[in-house]
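Q: Sharing work.txt, compact mmCIF, C-alpha atoms:
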# COMPACT_ATOMS: atom_id res chain seq x y z
CA MET A 1283 0.00 0.00 0.00
CA VAL A 1284 1.44 3.34 -0.93
CA SER A 1285 2.40 5.51 2.03
CA CYS A 1286 0.43 8.71 2.58
CA ASN A 1287 2.41 10.21 5.45
CA HIS A 1288 3.59 13.43 3.85
CA MET A 1289 1.09 15.44 5.95
CA ASN A 1290 1.22 13.24 9.05
CA GLU A 1291 3.83 12.22 11.60
CA THR A 1292 5.86 9.28 10.61
CA LEU A 1293 6.73 6.50 12.90
CA PRO A 1294 9.93 7.12 14.74
CA GLN A 1295 12.85 5.08 13.59
CA SER A 1296 13.16 3.67 17.09
CA ILE A 1297 9.81 2.03 16.65
CA LEU A 1298 10.55 0.86 13.08
CA SER A 1299 13.86 -0.56 14.22
CA ASN A 1300 12.18 -3.42 16.10
CA THR A 1301 8.64 -3.38 14.79
CA TYR A 1302 7.96 -4.85 11.34
CA SER A 1303 4.28 -5.61 11.30
CA VAL A 1304 1.19 -3.49 11.70
CA ASN A 1305 -0.21 -5.87 14.29
CA ASP A 1306 2.93 -5.63 16.42
CA ALA A 1307 2.95 -1.85 16.11
CA TYR A 1308 -0.64 -1.49 17.27
CA HIS A 1309 -0.19 -4.11 19.96
CA ARG A 1310 2.91 -2.48 21.40
CA ILE A 1311 1.40 0.99 21.31
CA ASP A 1312 -1.58 -0.37 23.24
CA MET A 1313 0.79 -2.01 25.73
CA LEU A 1314 2.62 1.31 26.16
CA GLN A 1315 -0.70 3.08 26.76
CA ARG A 1316 -1.73 0.55 29.46
CA ALA A 1317 1.59 0.81 31.22
CA LEU A 1318 1.50 4.61 31.25
CA GLU A 1319 -2.15 4.69 32.31
CA HIS A 1320 -1.26 2.46 35.22
CA ALA A 1321 1.63 4.67 36.16
CA PHE A 1322 -0.22 7.97 35.66
CA PHE A 1323 -3.73 7.21 36.79
CA GLU A 1324 -3.79 3.99 38.72
CA GLY A 1325 -1.18 4.72 41.35
CA GLY A 1326 1.48 2.76 39.68
CA GLU A 1327 5.09 3.33 40.22
CA GLN A 1328 6.28 6.25 38.25
CA ARG A 1329 9.88 6.19 37.28
CA GLN A 1330 12.13 8.47 35.46
CA ASP A 1331 13.13 5.57 33.35
CA ARG A 1332 10.01 4.98 31.38
CA ALA A 1333 11.55 1.92 29.73
CA ALA A 1334 12.21 0.28 33.06
CA MET A 1335 8.73 1.22 34.14
CA VAL A 1336 7.21 -0.55 31.15
CA ARG A 1337 9.36 -3.67 31.62
CA ALA A 1338 8.42 -3.67 35.29
CA HIS A 1339 4.74 -3.38 34.43
CA TYR A 1340 4.83 -6.54 32.28
CA GLU A 1341 7.38 -8.46 34.31
CA GLY A 1342 4.88 -11.01 35.53
CA SER A 1343 3.22 -11.50 32.18
CA ASP A 1344 3.64 -14.25 29.57
CA PRO A 1345 6.84 -14.46 27.58
CA GLU A 1346 5.35 -12.89 24.52
CA SER A 1347 4.16 -9.91 26.52
CA ARG A 1348 7.57 -9.61 28.08
CA MET A 1349 9.12 -9.74 24.63
CA HIS A 1350 6.84 -6.94 23.44
CA ALA A 1351 7.58 -4.97 26.61
CA ALA A 1352 11.27 -5.30 25.89
CA ALA A 1353 10.68 -4.03 22.38
CA ILE A 1354 8.73 -1.04 23.74
CA ALA A 1355 11.46 -0.33 26.22
CA ALA A 1356 13.93 -0.27 23.32
CA TRP A 1357 12.01 2.53 21.67
CA GLY A 1358 13.99 4.88 23.90
CA GLU A 1359 13.46 8.26 25.33
CA GLY A 1360 12.55 9.80 22.03
CA VAL A 1361 9.21 7.99 22.18
CA LEU A 1362 8.65 7.13 25.84
CA ASP A 1363 9.67 10.45 27.37
CA THR A 1364 7.50 12.46 25.02
CA VAL A 1365 4.41 11.07 26.71
CA ALA A 1366 2.99 12.91 29.73
CA SER A 1367 -0.11 12.30 31.70
CA ASP A 1368 -1.98 15.09 29.95
CA THR A 1369 -0.72 14.17 26.51
CA LEU A 1370 -0.98 10.44 26.84
CA TYR A 1371 -3.98 9.84 24.67
CA ALA A 1372 -2.97 12.45 22.09
CA ARG A 1373 0.39 10.89 21.80
CA ILE A 1374 -0.99 7.43 21.56
CA GLN A 1375 -3.41 8.57 18.88
CA SER A 1376 -0.68 10.24 16.86
CA LEU A 1377 1.41 7.09 16.99
CA LYS A 1378 -1.51 5.07 15.75
CA GLU A 1379 -2.13 7.57 13.00
CA ALA A 1380 1.50 7.25 11.99
CA VAL A 1381 1.16 3.48 11.82
CA LYS A 1382 -1.93 3.86 9.69
CA ALA A 1383 -0.20 6.21 7.32
CA SER A 1384 2.94 4.17 6.87
CA SER A 1385 3.63 2.14 3.70
CA LYS A 1386 2.51 -1.42 3.93
CA LEU A 1387 2.79 -4.75 2.20
CA THR A 1388 -0.20 -7.01 2.81
CA LEU A 1389 1.15 -10.49 3.15
CA TYR A 1390 -0.98 -13.65 3.29
CA ALA A 1391 0.94 -16.45 4.95
CA PRO A 1392 -0.29 -20.01 5.27
CA VAL A 1393 0.36 -20.07 9.03
CA HIS A 1394 0.72 -17.63 11.90
CA LEU A 1395 4.29 -16.35 11.76
CA THR A 1396 6.38 -15.79 14.86
CA SER A 1397 8.11 -12.50 15.70
CA GLU A 1398 11.37 -13.90 14.47
CA HIS A 1399 9.84 -14.92 11.14
CA ILE A 1400 8.30 -11.52 10.86
CA LYS A 1401 11.64 -9.94 11.52
CA TRP A 1402 13.30 -12.00 8.74
CA ILE A 1403 10.67 -11.09 6.23
CA GLY A 1404 10.35 -7.47 7.38
CA GLU A 1405 14.06 -6.84 7.13
CA TRP A 1406 14.12 -8.31 3.60
CA CYS A 1407 11.18 -6.26 2.46
CA ARG A 1408 12.66 -3.01 3.82
CA ALA A 1409 16.01 -3.84 2.22
CA GLU A 1410 14.62 -4.92 -1.16
CA LEU A 1411 11.27 -3.27 -1.62
CA GLN A 1412 10.70 -0.15 0.43
CA ARG A 1413 12.31 1.36 3.41
CA ASP A 1414 10.28 1.78 6.61
CA MET A 1415 7.43 -0.35 5.28
CA LEU A 1416 5.30 -2.39 7.62
CA LEU A 1417 3.92 -5.84 6.93
CA ASP A 1418 0.18 -6.26 7.17
CA LEU A 1419 0.15 -9.95 7.96
CA LYS A 1420 -2.89 -12.18 7.46
CA VAL A 1421 -3.30 -15.94 7.52
CA ASP A 1422 -4.45 -17.74 4.37
CA PRO A 1423 -4.01 -21.54 4.37
CA SER A 1424 -4.32 -21.68 0.57
CA ALA A 1425 -1.10 -19.73 0.24
CA VAL A 1426 0.86 -22.80 1.21
CA GLY A 1427 4.28 -23.28 -0.31
CA GLY A 1428 4.93 -19.54 -0.35
CA CYS A 1429 2.65 -16.60 0.16
CA THR A 1430 0.32 -14.23 -1.55
CA LEU A 1431 0.66 -10.49 -1.20
CA VAL A 1432 -0.70 -7.17 -2.28
CA TYR A 1433 1.97 -4.65 -3.18
CA GLN A 1434 1.39 -1.36 -4.93
CA ASN A 1435 -2.26 -2.23 -5.44
CA THR A 1436 -1.34 -5.43 -7.23
CA PHE A 1437 -2.10 -8.93 -6.06
CA HIS A 1438 0.66 -11.51 -6.45
CA ASP A 1439 0.24 -15.21 -5.95
CA LEU A 1440 3.57 -16.48 -4.78
CA SER A 1441 2.24 -19.73 -3.41
CA PHE A 1442 3.16 -23.18 -4.62
CA THR A 1443 0.87 -22.61 -7.61
CA TYR A 1444 3.22 -19.91 -8.84
CA PHE A 1445 6.22 -22.16 -8.71
CA ALA A 1446 4.33 -25.07 -10.25
CA ARG A 1447 3.30 -22.90 -13.18
CA LYS A 1448 6.87 -21.80 -13.58
CA GLN A 1449 7.85 -25.45 -13.92
CA ARG A 1450 4.82 -26.47 -16.04
CA GLU A 1451 6.81 -27.77 -18.96
CA LYS A 1452 8.87 -29.98 -16.70
CA LEU A 1453 5.73 -31.23 -14.97
CA VAL A 1454 4.09 -32.03 -18.33
CA GLN A 1455 7.16 -33.92 -19.42
CA LEU A 1456 7.20 -35.71 -16.11
CA VAL A 1457 3.56 -36.73 -16.45
CA ALA A 1458 4.11 -37.69 -20.07
CA SER A 1459 7.01 -39.88 -19.07
CA TYR A 1460 4.69 -41.81 -16.81
CA ALA A 1461 2.00 -42.14 -19.52
CA MET B 895 -111.50 -122.07 -94.96
CA LEU B 896 -108.30 -121.57 -96.83
CA VAL B 897 -109.73 -118.57 -98.42
CA THR B 898 -110.65 -117.22 -95.07
CA LEU B 899 -107.25 -117.92 -93.70
CA GLY B 900 -105.76 -116.41 -96.75
CA LEU B 901 -107.86 -113.38 -96.37
CA ILE B 902 -107.01 -113.11 -92.76
CA LEU B 903 -103.36 -113.62 -93.52
CA GLY B 904 -103.56 -111.06 -96.21
CA LEU B 905 -105.20 -108.66 -93.87
CA VAL B 906 -102.55 -109.27 -91.33
CA VAL B 907 -99.84 -108.75 -93.87
CA VAL B 908 -101.48 -105.66 -95.11
CA LEU B 909 -101.84 -104.35 -91.65
CA ALA B 910 -98.25 -105.13 -90.89
CA LEU B 911 -97.14 -103.41 -94.04
CA GLN B 912 -99.26 -100.48 -93.13
CA VAL B 913 -97.69 -100.21 -89.71
CA VAL B 914 -94.22 -100.61 -91.02
CA THR B 915 -94.76 -98.12 -93.78
CA SER B 916 -96.35 -95.62 -91.51
CA ARG B 917 -93.59 -95.96 -89.07
CA ARG B 918 -90.95 -95.59 -91.77
CA VAL B 919 -92.74 -92.68 -93.23
CA GLN B 920 -93.05 -91.21 -89.78
CA ARG B 921 -89.30 -91.53 -89.21
CA LEU B 922 -88.52 -89.87 -92.53
CA THR B 923 -91.37 -87.50 -92.41
CA LEU B 924 -91.01 -83.79 -92.66
CA PRO B 925 -94.08 -81.70 -92.01
CA ILE B 926 -94.47 -80.87 -95.66
CA TYR B 927 -94.64 -84.58 -96.59
CA GLU B 928 -97.59 -85.51 -94.49
CA TYR B 929 -99.72 -85.34 -97.58
CA ALA B 930 -97.77 -88.13 -99.25
CA GLU B 931 -97.96 -90.23 -96.17
CA GLU B 932 -101.57 -89.53 -95.72
CA LYS B 933 -102.21 -90.22 -99.34
CA SER B 934 -100.49 -93.52 -99.37
CA GLN B 935 -102.03 -94.38 -96.10
CA LYS B 936 -105.41 -93.54 -97.40
CA GLU B 937 -104.67 -95.58 -100.50
CA ALA B 938 -103.61 -98.44 -98.43
CA GLU B 939 -106.56 -98.11 -96.22
CA ARG B 940 -108.80 -97.94 -99.16
CA ILE B 941 -107.31 -101.02 -100.62
CA VAL B 942 -107.44 -102.75 -97.32
CA SER B 943 -110.93 -101.59 -96.81
CA GLU B 944 -111.92 -102.90 -100.21
CA ALA B 945 -110.16 -106.09 -99.49
CA LYS B 946 -111.93 -106.35 -96.20
CA ASN B 947 -115.21 -105.62 -97.71
CA THR B 948 -114.58 -108.10 -100.42
CA ALA B 949 -113.39 -110.64 -97.94
CA ARG B 950 -116.29 -109.97 -95.67
CA LYS B 951 -118.63 -110.23 -98.53
CA ILE B 952 -117.08 -113.42 -99.67
CA LEU B 953 -117.11 -114.71 -96.21
CA ALA B 954 -120.71 -113.82 -95.81
CA ASP B 955 -121.53 -115.36 -99.08
CA ALA B 956 -119.56 -118.39 -98.26
CA THR B 957 -121.16 -118.65 -94.93
CA SER B 958 -124.59 -118.10 -96.23
CA ALA B 959 -123.92 -120.37 -99.14
CA GLY B 960 -122.44 -122.91 -96.92
CA ALA B 961 -125.43 -122.80 -94.61
CA GLN B 962 -127.74 -123.19 -97.47
CA LEU B 963 -125.78 -125.49 -99.56
CA SER B 964 -125.76 -129.10 -99.10
CA ALA B 965 -123.14 -131.49 -99.60
CA SER B 966 -124.15 -131.63 -103.14
CA GLN B 967 -123.17 -128.06 -103.59
CA HIS B 968 -119.88 -128.56 -101.95
CA ALA B 969 -118.19 -128.95 -105.28
CA ASP B 970 -119.80 -125.81 -106.44
CA ILE B 971 -118.83 -124.24 -103.32
CA GLU B 972 -115.38 -125.55 -103.71
CA ALA B 973 -115.35 -124.40 -107.25
CA PHE B 974 -116.78 -121.15 -106.17
CA ALA B 975 -114.24 -121.01 -103.43
CA GLN B 976 -111.53 -121.92 -105.87
CA SER B 977 -112.66 -119.26 -108.24
CA HIS B 978 -113.05 -116.80 -105.44
CA LYS B 979 -109.86 -118.06 -104.06
CA ALA B 980 -108.28 -117.18 -107.30
CA SER B 981 -110.10 -113.93 -107.17
CA LEU B 982 -109.10 -113.45 -103.59
CA GLU B 983 -105.63 -114.36 -104.36
CA SER B 984 -105.76 -112.07 -107.30
CA MET B 985 -107.32 -109.43 -105.10
CA HIS B 986 -104.79 -110.20 -102.44
CA LYS B 987 -102.09 -109.89 -104.94
CA ASP B 988 -103.67 -106.75 -106.26
CA ALA B 989 -104.04 -105.42 -102.75
CA ALA B 990 -100.58 -106.37 -101.89
CA HIS B 991 -99.40 -104.98 -105.16
CA SER B 992 -101.37 -101.85 -104.57
CA LEU B 993 -100.01 -101.63 -101.11
CA GLU B 994 -96.60 -102.21 -102.39
CA GLU B 995 -97.15 -99.65 -105.10
CA ALA B 996 -98.57 -97.23 -102.58
CA ALA B 997 -95.78 -97.92 -100.24
CA GLU B 998 -93.34 -97.68 -103.08
CA THR B 999 -95.01 -94.50 -104.20
CA ALA B 1000 -94.87 -93.17 -100.69
CA ARG B 1001 -91.32 -94.31 -100.35
CA THR B 1002 -90.46 -92.87 -103.71
CA SER B 1003 -92.21 -89.63 -102.96
CA LEU B 1004 -90.69 -89.54 -99.57
CA ALA B 1005 -87.35 -90.42 -101.03
CA LYS B 1006 -87.73 -87.72 -103.61
CA ILE B 1007 -88.81 -85.27 -101.04
CA VAL B 1008 -86.05 -86.34 -98.74
CA GLU B 1009 -83.69 -86.37 -101.66
CA ALA B 1010 -84.87 -82.97 -102.65
CA SER B 1011 -84.75 -81.74 -99.13
CA GLU B 1012 -81.45 -83.47 -98.71
CA HIS B 1013 -80.37 -81.97 -101.94
CA ASP B 1014 -81.62 -78.62 -100.79
CA LEU B 1015 -80.28 -79.17 -97.34
CA GLY B 1016 -77.17 -80.46 -98.84
CA ALA B 1017 -76.95 -77.48 -101.04
CA GLU B 1018 -77.82 -75.33 -98.13
CA ARG B 1019 -75.47 -77.23 -95.99
CA GLU B 1020 -72.88 -77.05 -98.66
CA GLY B 1021 -73.54 -73.38 -98.95
CA ILE B 1022 -73.38 -73.00 -95.21
CA GLN B 1023 -70.37 -75.18 -95.06
CA ALA B 1024 -68.86 -73.22 -97.86
CA ALA B 1025 -69.65 -70.02 -96.05
CA LEU B 1026 -68.38 -71.45 -92.82
CA ALA B 1027 -65.33 -72.68 -94.56
CA SER B 1028 -64.90 -69.29 -96.11
CA MET B 1029 -65.41 -67.67 -92.77
CA ALA B 1030 -63.05 -70.12 -91.21
CA ARG B 1031 -60.55 -69.40 -93.91
CA GLU B 1032 -60.95 -65.71 -93.40
CA LEU B 1033 -60.80 -66.09 -89.66
CA SER B 1034 -57.81 -68.27 -90.05
CA GLU B 1035 -56.23 -65.73 -92.32
CA ILE B 1036 -57.11 -63.00 -89.88
CA SER B 1037 -55.83 -65.09 -87.01
CA ASN B 1038 -52.66 -65.84 -88.87
CA ALA B 1039 -52.27 -62.22 -89.78
CA THR B 1040 -52.99 -61.23 -86.22
CA LYS B 1041 -50.58 -63.79 -84.92
CA ALA B 1042 -47.98 -62.65 -87.39
CA LYS B 1043 -48.58 -59.08 -86.43
CA ALA B 1044 -48.53 -59.97 -82.75
CA MET B 1045 -45.32 -61.86 -83.22
CA GLU B 1046 -43.91 -58.95 -85.14
CA MET B 1047 -44.99 -56.56 -82.44
CA LYS B 1048 -43.74 -58.92 -79.79
CA THR B 1049 -40.44 -59.18 -81.55
CA THR B 1050 -40.28 -55.43 -81.89
CA LEU B 1051 -41.30 -54.95 -78.26
CA ASP B 1052 -38.89 -57.57 -77.09
CA GLU B 1053 -36.12 -55.92 -79.03
CA GLY B 1054 -37.21 -52.59 -77.74
CA ASN B 1055 -37.56 -53.88 -74.20
CA ARG B 1056 -34.22 -55.56 -74.42
CA GLY B 1057 -32.76 -52.34 -75.64
CA ILE B 1058 -34.47 -50.42 -72.88
CA LEU B 1059 -33.50 -52.99 -70.28
CA ASP B 1060 -29.95 -52.97 -71.55
CA THR B 1061 -29.93 -49.22 -71.40
CA LEU B 1062 -31.49 -49.24 -67.95
CA ASN B 1063 -29.04 -51.88 -66.76
CA THR B 1064 -26.18 -49.87 -68.15
CA VAL B 1065 -27.48 -46.68 -66.61
CA PHE B 1066 -28.18 -48.43 -63.32
CA GLU B 1067 -24.77 -50.01 -63.21
CA GLU B 1068 -23.12 -46.74 -64.02
CA SER B 1069 -25.26 -44.95 -61.43
CA ALA B 1070 -24.54 -47.62 -58.85
CA ALA B 1071 -20.83 -47.43 -59.58
CA SER B 1072 -20.76 -43.65 -59.52
CA GLY B 1073 -23.01 -43.59 -56.51
CA LYS B 1074 -20.81 -46.05 -54.72
CA LYS B 1075 -17.79 -43.95 -55.60
CA ARG B 1076 -19.49 -40.84 -54.28
CA ILE B 1077 -20.59 -42.65 -51.15
CA ASP B 1078 -17.11 -44.02 -50.58
CA ALA B 1079 -15.61 -40.60 -51.18
CA ARG B 1080 -18.11 -39.02 -48.83
CA ILE B 1081 -17.48 -41.65 -46.17
CA ASP B 1082 -13.74 -41.14 -46.54
CA ALA B 1083 -14.21 -37.39 -46.27
CA LEU B 1084 -16.42 -37.76 -43.20
CA LEU B 1085 -13.99 -40.19 -41.61
CA GLY B 1086 -11.17 -37.81 -42.34
CA GLU B 1087 -13.10 -34.95 -40.83
CA ALA B 1088 -14.00 -37.05 -37.84
CA GLU B 1089 -10.41 -38.09 -37.34
CA ARG B 1090 -9.24 -34.52 -37.67
CA ASP B 1091 -11.93 -33.39 -35.24
CA VAL B 1092 -10.97 -36.10 -32.81
CA ALA B 1093 -7.30 -35.22 -33.15
CA ALA B 1094 -8.04 -31.53 -32.69
CA TYR B 1095 -10.24 -32.24 -29.72
CA ARG B 1096 -7.58 -34.51 -28.26
CA ASP B 1097 -4.94 -31.80 -28.75
CA VAL B 1098 -7.16 -29.16 -27.19
CA ARG B 1099 -7.94 -31.36 -24.23
CA LYS B 1100 -4.33 -32.35 -23.88
CA LYS B 1101 -3.31 -28.72 -24.02
CA LEU B 1102 -5.97 -27.84 -21.50
CA VAL B 1103 -4.84 -30.62 -19.22
CA ASP B 1104 -1.23 -29.54 -19.65
CA GLU B 1105 -2.15 -25.97 -18.82
CA ARG B 1106 -4.08 -27.01 -15.80
CA LEU B 1107 -1.58 -29.66 -14.86
CA ALA B 1108 0.49 -27.21 -12.81
CA ASP B 1109 -2.58 -26.05 -10.94
CA LEU B 1110 -3.63 -29.61 -10.41
CA VAL B 1111 -0.22 -30.55 -9.02
CA ALA B 1112 -0.18 -27.41 -6.89
CA ASP B 1113 -3.61 -28.06 -5.45
CA ALA B 1114 -2.65 -31.59 -4.67
CA THR B 1115 0.63 -30.51 -3.14
CA LYS B 1116 -0.98 -27.80 -1.03
CA ILE B 1117 -3.14 -30.33 0.66
CA VAL B 1118 -0.04 -32.32 1.55
CA LEU B 1119 2.15 -29.34 2.54
CA GLN B 1120 -0.41 -27.80 4.84
CA LYS B 1121 -0.28 -30.83 7.01
CA THR B 1122 3.39 -31.65 6.83
CA LEU B 1123 5.40 -28.39 6.91
CA SER B 1124 6.48 -26.76 10.16
CA PRO B 1125 5.95 -23.01 10.82
CA ASP B 1126 9.67 -22.43 10.22
CA GLU B 1127 9.45 -24.22 6.87
CA HIS B 1128 6.41 -22.19 5.96
CA ALA B 1129 8.19 -18.97 6.89
CA ASP B 1130 11.20 -20.10 4.91
CA LEU B 1131 9.01 -20.75 1.86
CA VAL B 1132 7.43 -17.32 2.26
CA LEU B 1133 10.81 -15.66 2.19
CA LYS B 1134 11.94 -17.77 -0.73
CA SER B 1135 8.81 -16.90 -2.69
CA LEU B 1136 9.44 -13.20 -2.08
CA LYS B 1137 13.02 -13.55 -3.23
CA GLU B 1138 12.08 -15.47 -6.33
CA ALA B 1139 9.33 -13.03 -7.21
CA ARG B 1140 11.84 -10.22 -6.78
CA ALA B 1141 14.23 -12.03 -9.05
CA ASP B 1142 11.51 -12.55 -11.64
CA GLY B 1143 10.76 -8.84 -11.57
CA LEU B 1144 7.31 -9.21 -10.10
CA LEU B 1145 8.14 -7.08 -7.06
Hey, can you dump this file as structure tokens for me?

A:
Amino acid sequence: MVSCNHMNETLPQSILSNTYSVNDAYHRIDMLQRALEHAFFEGGEQRQDRAAMVRAHYEGSDPESRMHAAAIAAWGEGVLDTVASDTLYARIQSLKEAVKASSKLTLYAPVHLTSEHIKWIGEWCRAELQRDMLLDLKVDPSAVGGCTLVYQNTFHDLSFTYFARKQREKLVQLVASYA
Amino acid sequence: MLVTLGLILGLVVVLALQVVTSRRVQRLTLPIYEYAEEKSQKEAERIVSEAKNTARKILADATSAGAQLSASQHADIEAFAQSHKASLESMHKDAAHSLEEAAETARTSLAKIVEASEHDLGAEREGIQAALASMARELSEISNATKAKAMEMKTTLDEGNRGILDTLNTVFEESAASGKKRIDARIDALLGEAERDVAAYRDVRKKLVDERLADLVADATKIVLQKTLSPDEHADLVLKSLKEARADGLL
């Protein structure tokens, strides 16, 4: 999807450095909002080190939440310190708007990909296709053997069907040899 | 006595002759000859009647004379009888002769009439026969001419029919041969078209199958891969597909 962020705030590089998918971006922003709400409005411990405060907030959570908390903490002061109690929701909203406005590649994978898989694919896409793009990941079991994607308003079937059609002549010869 | 017997015998003979003659005349009689028969019959009857009368008279005389006469007149009676006998015999002979003459006359007349009628009939018959023969000859000639003409016509018709049949046979054979050729050619053309259609259809289907073969293999493989690949292998295939698409210029 073509990026339309020339009038809006772009995602900080600190967020793009460890966030490759739209789902992870929204999920981590929501986790940041909950941690700051707890600290600002629910009597939670307020620390100067906002990163430590976020990690501490999710310390007892599941490993995936702790992993996301670590990623949020790595966003640094440029993101975490710019949020105050009276600007929390405005800041959160602007971050979400930035995610919405960023360039995307809609990718249909046959299974649910892990964060590590997403990182592999995200890094390749930003290196080969477009810098600072986010992956809009969806699950489509029919895309087995590869994936299907929408890029620049064009659908591409890169599943096993694509590769089979590329090798059609060899397959026909193979079938003919058995006939 | 003898005279009486003679008279009776004569009467019998005369009667017999009369019967015979009448019967003969009746057999040969034609209606127009009844007069001759009647005439002779009347003649005979007259003679017989005269003879009867004479005999009756003589018999009466002899009887009366005999009753009156004595033995002494026996000779006279005998002489009288002898003379009458001679007369009777003469009369008998005359009667017989007359009868014979009458019969002869009747026979002659009848014969003449019959002869004449036969002659006429013969002539008529000959004329009729001649006419019939002529008619038969003419009919025969006509029949022969008709037969000849019929034979001629039959010969002509047969020749004509043979010619027509020969022509028809020739035409039919030629038509059958040409028709068979056309049919064979048409069948060959249709078979050729059918074979070409079948070959074209086979090629189209084969091409269609070949074109869809990749999709068929892919669909079959997907079912297998979904159940057998790990998430890491799936992710690896995703990355490989992106790289290959990039290399192909799709992305």

Q: Show me as a PyMOL selection string the residues that reach within 12 Å of (4.3, -24.3, 6.2), counting all atoms listed in the file and using the file's own coordinates.

A: (chain A and resi 1391-1395+1399+1421-1429+1441-1442) or (chain B and resi 1115-1133)

Q: If you measure from atom CA of A:Phe1437 to atom CA of B:Gly1143, what distance in Å do you get, rounded to one decimal?

A: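 Straight-line distance from atom CA of A:Phe1437 to atom CA of B:Gly1143 works out to 14.0 Å.
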
Q: For atom CA of B:Val1111 and atom CA of B:Arg1140, determine how far apart the two atoms are, in Å to one decimal place.

A: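 These two atoms are separated by 23.7 Å.
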
Q: Work out how far atom CA of B:Leu1102 is from atom CA of B:Arg1090, in Å to one decimal.

A: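 About the pair atom CA of B:Arg1090 and atom CA of B:Leu1102: they are 17.8 Å apart.
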
Q: Excluding stretch 1336-1339 of chain A and any residue of its chain fewer than 2 positions from it, enumerate the residues within 7 Å of it, using only C-alpha atoms, and give them as a list in words.

A: Ala1317, Arg1332, Ala1333, Ala1334, Glu1341, Ala1351, Ala1352 and Ala1355 of chain A

Q: Select, counting only C-alpha atoms, all protein, DNA and RNA residues no farther than 12 Å from (1.8, 5.5, 26.6) in file coordinates, and express the selection as an NGL selection string.

A: :A and (1308-1323 or 1332-1333 or 1335-1336 or 1351 or 1354-1355 or 1357 or 1361-1378)

Q: Which of these, A:Gln1449, A:Ser1385, A:Thr1443, A:Gln1455, has the shortest distance to A:Arg1413 once you count all atoms listed in the file?

A: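 Using all atoms listed in the file, the shortest distance to A:Arg1413 belongs to A:Ser1385.
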
Q: For chain B, which residue among A:Gln1330, A:Ile1403, A:Leu1419, A:Gln1412 is the nearest when counting all atoms listed in the file?

A: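 Closest to chain B of all the choices is A:Ile1403.
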
Q: Out of B:Leu1107, B:Leu1085, B:Met1045, B:Leu911, which residue has the shortest atom-to-atom distance to chain A when counting only C-alpha atoms?

A: B:Leu1107

Q: Which is closer to chain B than all the others in A:Leu1298, A:Asn1435, A:Arg1450, A:Val1304, using only C-alpha atoms?

A: A:Arg1450

Q: Find the spatial neighbours of A:Asp1306, counting all atoms listed in the file, within a cut-off of 10 Å - ignore same-chain residues fewer than 5 positions away - and output them as number ranges by chain.

A: A: 1300-1301, 1311-1312, 1350, 1353, 1397, 1400, 1416-1419

Q: So that I can see what lies close to A:Asp1414, please list as a PyMOL selection string the residues with an atom at most 9 Å from it, counting only C-alpha atoms and leaving out residues fewer than 5 positions away in the same chain.

A: chain A and resi 1293+1295+1298-1299+1302+1384-1386+1408

Q: Which residue is closest to chain B? Choose from A:Gly1360, A:Gly1326, A:Pro1345, A:Gly1404 and count all atoms listed in the file.

A: A:Gly1404

Q: Taking into account all atoms listed in the file, which residue in the set A:Thr1388, A:Ser1459, A:Thr1396, A:Ser1303 is nearest to chain B?

A: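 Smallest separation from chain B among the options: A:Thr1396.
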